[in-house]
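The file run_27.cif contains mmCIF, C-alpha atoms:
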data_upload
loop_
_atom_site.group_PDB
_atom_site.id
_atom_site.type_symbol
_atom_site.label_atom_id
_atom_site.label_comp_id
_atom_site.auth_asym_id
_atom_site.auth_seq_id
_atom_site.Cartn_x
_atom_site.Cartn_y
_atom_site.Cartn_z
ATOM 1 C CA MET A 1 -4.620 20.230 -17.446
ATOM 2 C CA ARG A 2 -3.265 17.503 -15.185
ATOM 3 C CA TRP A 3 -4.414 16.901 -11.633
ATOM 4 C CA PHE A 4 -3.093 14.834 -8.742
ATOM 5 C CA LEU A 5 -5.886 13.212 -6.760
ATOM 6 C CA GLN A 6 -5.148 12.085 -3.211
ATOM 7 C CA LEU A 7 -7.448 9.452 -1.780
ATOM 8 C CA ALA A 8 -7.819 6.618 0.700
ATOM 9 C CA TYR A 9 -9.777 3.395 0.396
ATOM 10 C CA ARG A 10 -10.644 0.194 2.174
ATOM 11 C CA GLY A 11 -9.754 -2.746 -0.032
ATOM 12 C CA ALA A 12 -12.487 -5.148 1.060
ATOM 13 C CA GLY A 13 -14.999 -5.574 -1.737
ATOM 14 C CA PHE A 14 -12.534 -4.578 -4.470
ATOM 15 C CA SER A 15 -10.425 -6.799 -6.707
ATOM 16 C CA GLY A 16 -7.486 -4.488 -6.165
ATOM 17 C CA TRP A 17 -6.718 -1.041 -7.534
ATOM 18 C CA GLN A 18 -6.235 -1.682 -11.241
ATOM 19 C CA VAL A 19 -9.000 -2.054 -13.816
ATOM 20 C CA GLN A 20 -9.187 -5.670 -14.977
ATOM 21 C CA PRO A 21 -10.998 -7.534 -17.760
ATOM 22 C CA GLY A 22 -14.238 -9.242 -16.931
ATOM 23 C CA GLY A 23 -15.976 -6.344 -15.238
ATOM 24 C CA VAL A 24 -14.694 -7.058 -11.723
ATOM 25 C CA ARG A 25 -15.012 -4.231 -9.219
ATOM 26 C CA THR A 26 -11.797 -2.242 -8.695
ATOM 27 C CA VAL A 27 -10.985 1.072 -7.037
ATOM 28 C CA GLN A 28 -9.675 2.543 -10.284
ATOM 29 C CA GLY A 29 -12.773 1.395 -12.145
ATOM 30 C CA VAL A 30 -15.191 2.932 -9.629
ATOM 31 C CA LEU A 31 -13.325 6.251 -9.669
ATOM 32 C CA GLU A 32 -13.003 6.379 -13.456
ATOM 33 C CA ASP A 33 -16.734 5.787 -13.768
ATOM 34 C CA ALA A 34 -17.455 8.614 -11.301
ATOM 35 C CA LEU A 35 -14.973 10.970 -12.993
ATOM 36 C CA GLY A 36 -16.477 10.220 -16.390
ATOM 37 C CA LYS A 37 -19.941 11.153 -15.179
ATOM 38 C CA LEU A 38 -18.708 14.244 -13.360
ATOM 39 C CA LEU A 39 -16.618 15.553 -16.273
ATOM 40 C CA ARG A 40 -19.010 14.195 -18.942
ATOM 41 C CA CYS A 41 -16.266 12.397 -20.852
ATOM 42 C CA PRO A 42 -14.127 9.251 -20.405
ATOM 43 C CA THR A 43 -11.383 10.092 -17.882
ATOM 44 C CA PRO A 44 -8.545 7.585 -17.401
ATOM 45 C CA LEU A 45 -6.907 7.561 -13.984
ATOM 46 C CA THR A 46 -3.282 6.528 -13.357
ATOM 47 C CA GLY A 47 -2.375 5.424 -9.845
ATOM 48 C CA ALA A 48 0.955 5.533 -8.035
ATOM 49 C CA GLY A 49 0.766 1.811 -7.426
ATOM 50 C CA ARG A 50 -1.323 -1.305 -7.902
ATOM 51 C CA THR A 51 -2.575 -2.712 -4.623
ATOM 52 C CA ASP A 52 -3.875 -6.280 -4.650
ATOM 53 C CA ALA A 53 -7.381 -7.448 -3.806
ATOM 54 C CA GLY A 54 -8.293 -6.633 -0.203
ATOM 55 C CA VAL A 55 -5.320 -4.330 0.388
ATOM 56 C CA ASN A 56 -6.090 -0.858 1.780
ATOM 57 C CA ALA A 57 -4.592 2.584 1.221
ATOM 58 C CA SER A 58 -4.521 5.348 3.806
ATOM 59 C CA MET A 59 -2.819 7.310 1.031
ATOM 60 C CA MET A 60 -3.003 6.747 -2.713
ATOM 61 C CA VAL A 61 -2.118 9.287 -5.383
ATOM 62 C CA ALA A 62 -3.458 9.174 -8.948
ATOM 63 C CA HIS A 63 -3.504 11.602 -11.849
ATOM 64 C CA PHE A 64 -6.060 12.479 -14.520
ATOM 65 C CA ASP A 65 -6.379 15.107 -17.256
ATOM 66 C CA THR A 66 -9.076 17.661 -18.059
ATOM 67 C CA ASP A 67 -9.578 19.996 -21.007
ATOM 68 C CA GLY A 68 -10.220 22.980 -18.751
ATOM 69 C CA ASP A 69 -9.832 24.240 -15.207
ATOM 70 C CA ILE A 70 -11.689 22.935 -12.156
ATOM 71 C CA SER A 71 -12.756 26.242 -10.624
ATOM 72 C CA ASP A 72 -14.200 24.919 -7.353
ATOM 73 C CA LYS A 73 -11.995 22.063 -6.168
ATOM 74 C CA ASP A 74 -13.856 21.533 -2.879
ATOM 75 C CA ARG A 75 -17.160 21.145 -4.692
ATOM 76 C CA PHE A 76 -15.552 18.828 -7.245
ATOM 77 C CA MET A 77 -14.147 16.573 -4.504
ATOM 78 C CA ALA A 78 -17.471 16.556 -2.654
ATOM 79 C CA SER A 79 -19.254 15.489 -5.838
ATOM 80 C CA LEU A 80 -16.651 12.827 -6.570
ATOM 81 C CA ASN A 81 -16.921 11.456 -3.048
ATOM 82 C CA GLY A 82 -20.680 11.227 -3.415
ATOM 83 C CA MET A 83 -20.576 9.557 -6.830
ATOM 84 C CA ALA A 84 -17.901 6.996 -5.942
ATOM 85 C CA ASP A 85 -18.324 4.591 -3.018
ATOM 86 C CA PRO A 86 -18.594 6.852 0.076
ATOM 87 C CA GLN A 87 -18.321 3.868 2.436
ATOM 88 C CA ALA A 88 -15.061 2.622 0.949
ATOM 89 C CA ILE A 89 -13.339 5.526 -0.851
ATOM 90 C CA ALA A 90 -12.441 8.984 0.485
ATOM 91 C CA VAL A 91 -11.031 11.663 -1.822
ATOM 92 C CA ALA A 92 -8.897 13.969 0.334
ATOM 93 C CA GLY A 93 -7.085 16.311 -2.032
ATOM 94 C CA LEU A 94 -6.945 17.709 -5.567
ATOM 95 C CA THR A 95 -3.864 19.549 -6.858
ATOM 96 C CA GLN A 96 -3.061 20.924 -10.289
ATOM 97 C CA VAL A 97 0.393 19.794 -11.439
ATOM 98 C CA GLY A 98 2.504 20.146 -14.557
ATOM 99 C CA ASP A 99 1.319 18.421 -17.695
ATOM 100 C CA ASP A 100 4.278 16.031 -17.576
ATOM 101 C CA ALA A 101 3.845 15.091 -13.890
ATOM 102 C CA HIS A 102 3.201 11.381 -13.385
ATOM 103 C CA ALA A 103 1.700 9.823 -10.257
ATOM 104 C CA ARG A 104 3.494 6.506 -10.761
ATOM 105 C CA PHE A 105 6.803 7.240 -12.464
ATOM 106 C CA ASP A 106 7.619 10.385 -10.465
ATOM 107 C CA ALA A 107 7.129 8.762 -7.060
ATOM 108 C CA THR A 108 10.488 8.371 -5.308
ATOM 109 C CA SER A 109 9.326 6.053 -2.528
ATOM 110 C CA ARG A 110 6.335 4.133 -1.269
ATOM 111 C CA THR A 111 5.697 2.989 2.283
ATOM 112 C CA TYR A 112 3.504 0.094 3.370
ATOM 113 C CA ARG A 113 2.383 -0.873 6.851
ATOM 114 C CA TYR A 114 1.169 -4.306 7.915
ATOM 115 C CA TYR A 115 -0.791 -4.171 11.181
ATOM 116 C CA PHE A 116 -0.907 -6.960 13.750
ATOM 117 C CA HIS A 117 -1.921 -7.423 17.374
ATOM 118 C CA THR A 118 -1.097 -9.998 20.035
ATOM 119 C CA SER A 119 -4.302 -10.131 22.101
ATOM 120 C CA ARG A 120 -7.905 -10.779 21.141
ATOM 121 C CA SER A 121 -9.972 -7.772 20.097
ATOM 122 C CA PRO A 122 -13.286 -7.811 18.214
ATOM 123 C CA PHE A 123 -12.490 -4.308 16.945
ATOM 124 C CA LEU A 124 -9.242 -5.164 15.205
ATOM 125 C CA GLU A 125 -9.842 -8.507 13.527
ATOM 126 C CA SER A 126 -10.857 -7.148 10.115
ATOM 127 C CA LEU A 127 -7.889 -4.790 9.652
ATOM 128 C CA SER A 128 -5.137 -6.372 11.732
ATOM 129 C CA TRP A 129 -3.608 -9.851 11.942
ATOM 130 C CA ARG A 130 -3.979 -11.540 15.321
ATOM 131 C CA ALA A 131 -0.503 -12.855 16.041
ATOM 132 C CA PRO A 132 0.589 -15.295 18.747
ATOM 133 C CA GLY A 133 1.052 -13.567 22.091
ATOM 134 C CA ASN A 134 4.621 -14.845 22.373
ATOM 135 C CA LEU A 135 5.745 -13.369 19.046
ATOM 136 C CA ASP A 136 9.386 -12.266 19.371
ATOM 137 C CA VAL A 137 9.245 -8.695 18.033
ATOM 138 C CA ASP A 138 12.924 -8.060 18.789
ATOM 139 C CA ALA A 139 13.939 -10.981 16.584
ATOM 140 C CA MET A 140 11.619 -9.715 13.856
ATOM 141 C CA ASN A 141 13.310 -6.317 13.990
ATOM 142 C CA GLU A 142 16.727 -7.970 13.792
ATOM 143 C CA ALA A 143 15.622 -9.747 10.622
ATOM 144 C CA ALA A 144 13.948 -6.625 9.220
ATOM 145 C CA ALA A 145 17.205 -4.669 9.546
ATOM 146 C CA LEU A 146 18.931 -7.264 7.357
ATOM 147 C CA LEU A 147 16.419 -6.729 4.555
ATOM 148 C CA THR A 148 17.988 -3.391 3.630
ATOM 149 C CA GLY A 149 21.075 -5.284 2.444
ATOM 150 C CA ILE A 150 19.004 -7.181 -0.151
ATOM 151 C CA SER A 151 18.438 -5.872 -3.671
ATOM 152 C CA ASP A 152 16.889 -8.855 -5.492
ATOM 153 C CA PHE A 153 13.504 -9.743 -3.959
ATOM 154 C CA THR A 154 12.643 -12.667 -6.257
ATOM 155 C CA SER A 155 12.137 -14.924 -3.211
ATOM 156 C CA PHE A 156 9.417 -12.582 -1.972
ATOM 157 C CA ALA A 157 7.656 -11.899 -5.289
ATOM 158 C CA LYS A 158 4.577 -13.489 -6.800
ATOM 159 C CA LEU A 159 5.498 -16.073 -9.411
ATOM 160 C CA HIS A 160 4.864 -15.386 -13.106
ATOM 161 C CA SER A 161 4.207 -11.664 -12.655
ATOM 162 C CA ASP A 162 4.770 -9.129 -15.417
ATOM 163 C CA ALA A 163 7.602 -7.335 -13.563
ATOM 164 C CA ARG A 164 10.620 -6.698 -15.797
ATOM 165 C CA THR A 165 12.988 -6.800 -12.815
ATOM 166 C CA ASN A 166 12.819 -7.933 -9.203
ATOM 167 C CA ILE A 167 15.419 -5.412 -8.054
ATOM 168 C CA CYS A 168 14.197 -2.952 -5.397
ATOM 169 C CA ARG A 169 15.962 -0.289 -3.340
ATOM 170 C CA LEU A 170 14.832 -0.832 0.223
ATOM 171 C CA ASP A 171 15.133 2.290 2.423
ATOM 172 C CA HIS A 172 14.038 0.837 5.732
ATOM 173 C CA ALA A 173 12.089 -2.014 7.319
ATOM 174 C CA ARG A 174 11.072 -2.194 10.966
ATOM 175 C CA VAL A 175 8.452 -3.388 13.418
ATOM 176 C CA VAL A 176 6.915 -0.581 15.493
ATOM 177 C CA ARG A 177 4.544 -0.593 18.462
ATOM 178 C CA VAL A 178 1.458 1.503 17.709
ATOM 179 C CA SER A 179 1.821 4.864 19.457
ATOM 180 C CA GLY A 180 -0.756 5.589 22.132
ATOM 181 C CA ASP A 181 -1.960 1.998 22.425
ATOM 182 C CA GLU A 182 -2.533 1.386 26.127
ATOM 183 C CA THR A 183 -2.667 -2.382 25.744
ATOM 184 C CA GLY A 184 0.857 -2.595 24.314
ATOM 185 C CA ALA A 185 -0.418 -5.308 22.005
ATOM 186 C CA ARG A 186 -0.693 -3.443 18.681
ATOM 187 C CA TYR A 187 2.135 -3.245 16.156
ATOM 188 C CA TYR A 188 2.836 -2.628 12.507
ATOM 189 C CA PHE A 189 5.576 -3.733 10.166
ATOM 190 C CA GLU A 190 6.680 -0.738 8.092
ATOM 191 C CA ILE A 191 8.660 -1.066 4.888
ATOM 192 C CA GLN A 192 9.740 1.689 2.490
ATOM 193 C CA ALA A 193 11.246 1.203 -0.971
ATOM 194 C CA ASP A 194 11.424 2.822 -4.372
ATOM 195 C CA ARG A 195 9.137 0.115 -5.770
ATOM 196 C CA PHE A 196 7.395 -3.076 -4.703
ATOM 197 C CA LEU A 197 6.738 -6.383 -6.422
ATOM 198 C CA ARG A 198 3.394 -8.156 -6.394
ATOM 199 C CA ASN A 199 2.766 -9.826 -3.035
ATOM 200 C CA MET A 200 6.187 -8.687 -1.789
ATOM 201 C CA VAL A 201 5.152 -7.073 1.513
ATOM 202 C CA ARG A 202 2.876 -9.936 2.488
ATOM 203 C CA ALA A 203 5.603 -12.490 1.730
ATOM 204 C CA VAL A 204 8.181 -10.527 3.716
ATOM 205 C CA MET A 205 5.737 -10.229 6.620
ATOM 206 C CA GLY A 206 5.084 -13.974 6.485
ATOM 207 C CA THR A 207 8.811 -14.596 6.687
ATOM 208 C CA LEU A 208 9.198 -12.193 9.621
ATOM 209 C CA ALA A 209 6.303 -13.945 11.353
ATOM 210 C CA ASP A 210 8.279 -17.194 11.066
ATOM 211 C CA VAL A 211 11.205 -15.387 12.716
ATOM 212 C CA GLY A 212 8.917 -14.128 15.475
ATOM 213 C CA ARG A 213 7.673 -17.682 16.102
ATOM 214 C CA HIS A 214 11.306 -18.892 16.226
ATOM 215 C CA LYS A 215 10.722 -21.180 13.247
ATOM 216 C CA ILE A 216 13.755 -19.606 11.560
ATOM 217 C CA THR A 217 16.569 -17.350 12.766
ATOM 218 C CA PRO A 218 16.780 -13.653 11.837
ATOM 219 C CA ALA A 219 19.845 -14.360 9.669
ATOM 220 C CA ALA A 220 17.824 -16.874 7.644
ATOM 221 C CA VAL A 221 16.216 -14.037 5.665
ATOM 222 C CA LEU A 222 19.533 -13.508 3.865
ATOM 223 C CA ASP A 223 19.725 -17.168 2.885
ATOM 224 C CA ILE A 224 16.091 -17.089 1.723
ATOM 225 C CA ALA A 225 16.775 -14.031 -0.436
ATOM 226 C CA SER A 226 19.893 -15.594 -1.974
ATOM 227 C CA ARG A 227 17.929 -18.625 -3.214
ATOM 228 C CA LEU A 228 15.793 -16.502 -5.579
ATOM 229 C CA ASP A 229 12.969 -18.967 -4.930
ATOM 230 C CA ARG A 230 9.506 -17.930 -3.716
ATOM 231 C CA CYS A 231 9.050 -21.346 -2.097
ATOM 232 C CA ALA A 232 11.925 -20.566 0.288
ATOM 233 C CA ALA A 233 10.142 -17.608 1.926
ATOM 234 C CA GLY A 234 7.241 -17.565 4.348
ATOM 235 C CA THR A 235 3.563 -17.800 3.522
ATOM 236 C CA SER A 236 1.707 -14.886 1.988
ATOM 237 C CA MET A 237 -0.126 -13.122 4.803
ATOM 238 C CA PRO A 238 -3.799 -12.045 4.572
ATOM 239 C CA PRO A 239 -4.292 -8.794 2.605
ATOM 240 C CA GLU A 240 -6.731 -6.985 4.914
ATOM 241 C CA PRO A 241 -4.130 -5.723 7.463
ATOM 242 C CA LEU A 242 -1.930 -4.243 4.724
ATOM 243 C CA PHE A 243 -2.031 -0.488 4.009
ATOM 244 C CA LEU A 244 -0.310 1.658 1.424
ATOM 245 C CA HIS A 245 0.725 4.330 3.919
ATOM 246 C CA ASN A 246 2.797 6.980 2.162
ATOM 247 C CA ILE A 247 4.121 8.112 -1.236
ATOM 248 C CA THR A 248 6.800 10.739 -1.799
ATOM 249 C CA TYR A 249 7.487 13.048 -4.744
ATOM 250 C CA PRO A 250 10.416 15.403 -5.357
ATOM 251 C CA TYR A 251 8.189 18.383 -6.189
ATOM 252 C CA TRP A 252 4.982 17.856 -4.202
ATOM 253 C CA THR A 253 3.959 16.808 -0.688
ATOM 254 C CA PRO A 254 0.528 15.221 -0.260
ATOM 255 C CA ALA A 255 -1.779 16.423 2.497
ATOM 256 C CA SER A 256 -2.061 14.394 5.695
ATOM 257 C CA ARG A 257 -3.291 10.857 5.164
ATOM 258 C CA CYS A 258 -6.689 9.494 6.140
ATOM 259 C CA PRO A 259 -6.789 8.716 9.907
ATOM 260 C CA LEU A 260 -7.064 5.107 11.021
ATOM 261 C CA PRO A 261 -9.149 3.894 13.981
#

Hey, can you dump this file as structure tokens for me?
Amino acid sequence: MRWFLQLAYRGAGFSGWQVQPGGVRTVQGVLEDALGKLLRCPTPLTGAGRTDAGVNASMMVAHFDTDGDISDKDRFMASLNGMADPQAIAVAGLTQVGDDAHARFDATSRTYRYYFHTSRSPFLESLSWRAPGNLDVDAMNEAAALLTGISDFTSFAKLHSDARTNICRLDHARVVRVSGDETGARYYFEIQADRFLRNMVRAVMGTLADVGRHKITPAAVLDIASRLDRCAAGTSMPPEPLFLHNITYPYWTPASRCPLP
């Protein structure tokens, strides 16, 4: 039987999602170890994406297989939460799906959010980038709107990755003020696409930050993209403010995502 597991995690302390050689600590590795103990057999876990070291997920979906039914799903999730890292990982949902369902290949879109703020706050520093107070958000949004006309994101991709193509279908990109924030100083950059390249969101955000500082014009993002050269784009931003925010499937809707502070 195949199961979709919905979870959230804080990326600090992990070398990304995917299991890696050398015994480094990853989210997938911690969960596979807990699942193996809980089910009393090795249990591979396939995620919808591969977040980099330090990157968070307020929603991640992964699938695993069992020989038999899980009769008490609430108890199973409670046990899994206790056996994994309860301070960094939260399992929020467990759904039986068809045997051919695939958490990665069946996903039709993924959405990331990069959080930033424009005034000092000791409560935001670890999960949000402190931007200059004079950041031009309108110019950033003008540049973000132009991104949807780009298909080849080589200029925003990590060099020497194992991606077979750098073509992505971008659905939308925008800078949004955080709803309910009384200070008016909290924002996030939201970007949705069918797939993402390694380091892509952080490179795009670095380029938009250059637009917001008036180092480059909004239209410059089109020239940067046309060069197909990573050195032409902005710096890679810190990973801690980046969240995998949403994943969509044609046949299943995940439960509400883990709330953020």

What does the distance from CA of Gly206 in chain A to CA of Ala193 in chain A come to in Å, to one decimal? 18.0 Å

When the PyMOL selection byres ((chain A and resi 10-20) around 6) is applied to the file above, which residues end up in the set, as JSON, numbers by chain? {"A": [9, 21, 25, 26, 27, 28, 29, 50, 51, 52, 53, 54, 55, 56, 88]}

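Nearest residue to Thr118 in chain A among A:Ala185, A:Ala163, A:Ala145, A:Ala62 is A:Ala185, counting all atoms listed in the file.
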
Identify the residues within 10 Å of coordinate (14.6, -8.8, 9.8) (same frame as the file), considering all atoms listed in the file, and give the answer as an NGL selection string. :A and (137-148 or 173-175 or 204-205 or 207-209 or 211-212 or 217-222)

Counting all atoms listed in the file, which residues come within 8 Å of (-0.8, -8.6, 11.9), with the point read in the file's coordinates, and could you list them as a PyMOL selection string? chain A and resi 114-117+128-131+187-188+241

Can you list, as a PyMOL selection string, every protein, DNA or RNA residue that comes within 12 Å of Gly68 in chain A when you count only C-alpha atoms, leaving out same-chain residues fewer than 4 positions away? chain A and resi 1-3+39+96

Just say which residues the PyMOL selection byres ((chain A and resi 5) around 6) picks in this file, as number ranges by chain. A: 4, 6, 61-63, 93-94

Written as a ChimeraX atom specification, what is the full residue list that the PyMOL selection byres ((chain A and resi 251) around 12) yields on the file shown? /A:97-98,101-103,106-108,248-250,252-254

Show me, as lines of an AutoDock Vina configuration file, the centre and edge lengths in Å to one decimal of the axis-aligned box that covers every listed atom of range 37-52 of chain A with 5 Å on each side.
center_x = -9.5
center_y = 4.6
center_z = -12.7
size_x = 30.9
size_y = 31.8
size_z = 26.2

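The space between CA of Thr154 in chain A and CA of Val201 in chain A spans 12.2 Å.
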
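Each of A:Met77, A:Ile191, A:Leu45, A:Ile70 was compared to Val30 in chain A using only C-alpha atoms, and A:Leu45 turns out to be the nearest.
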
Pick from A:Ile150, A:Val176, A:Met83, A:Leu7 nearest to Leu38 in chain A, counting only C-alpha atoms: A:Met83

I'd like the interatomic distance between CA of Ala203 in chain A and CA of Ala233 in chain A, to a tenth of an Å. 6.8 Å

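Between Leu127 in chain A and the candidates A:Arg113, A:Leu228, A:Ala48, A:Cys258, the tightest atom-to-atom separation, counting all atoms listed in the file, involves A:Arg113.
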
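In terms of minimum interatomic distance to Arg198 in chain A, A:Lys158 ranks closest within A:Arg164, A:Lys158, A:Arg110, A:Arg120, counting only C-alpha atoms.
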
Nearest to Ile224 in chain A, restricted to all atoms listed in the file and choosing among A:Ser71, A:Ser155, A:Asn246, A:Ser79, comes out as A:Ser155
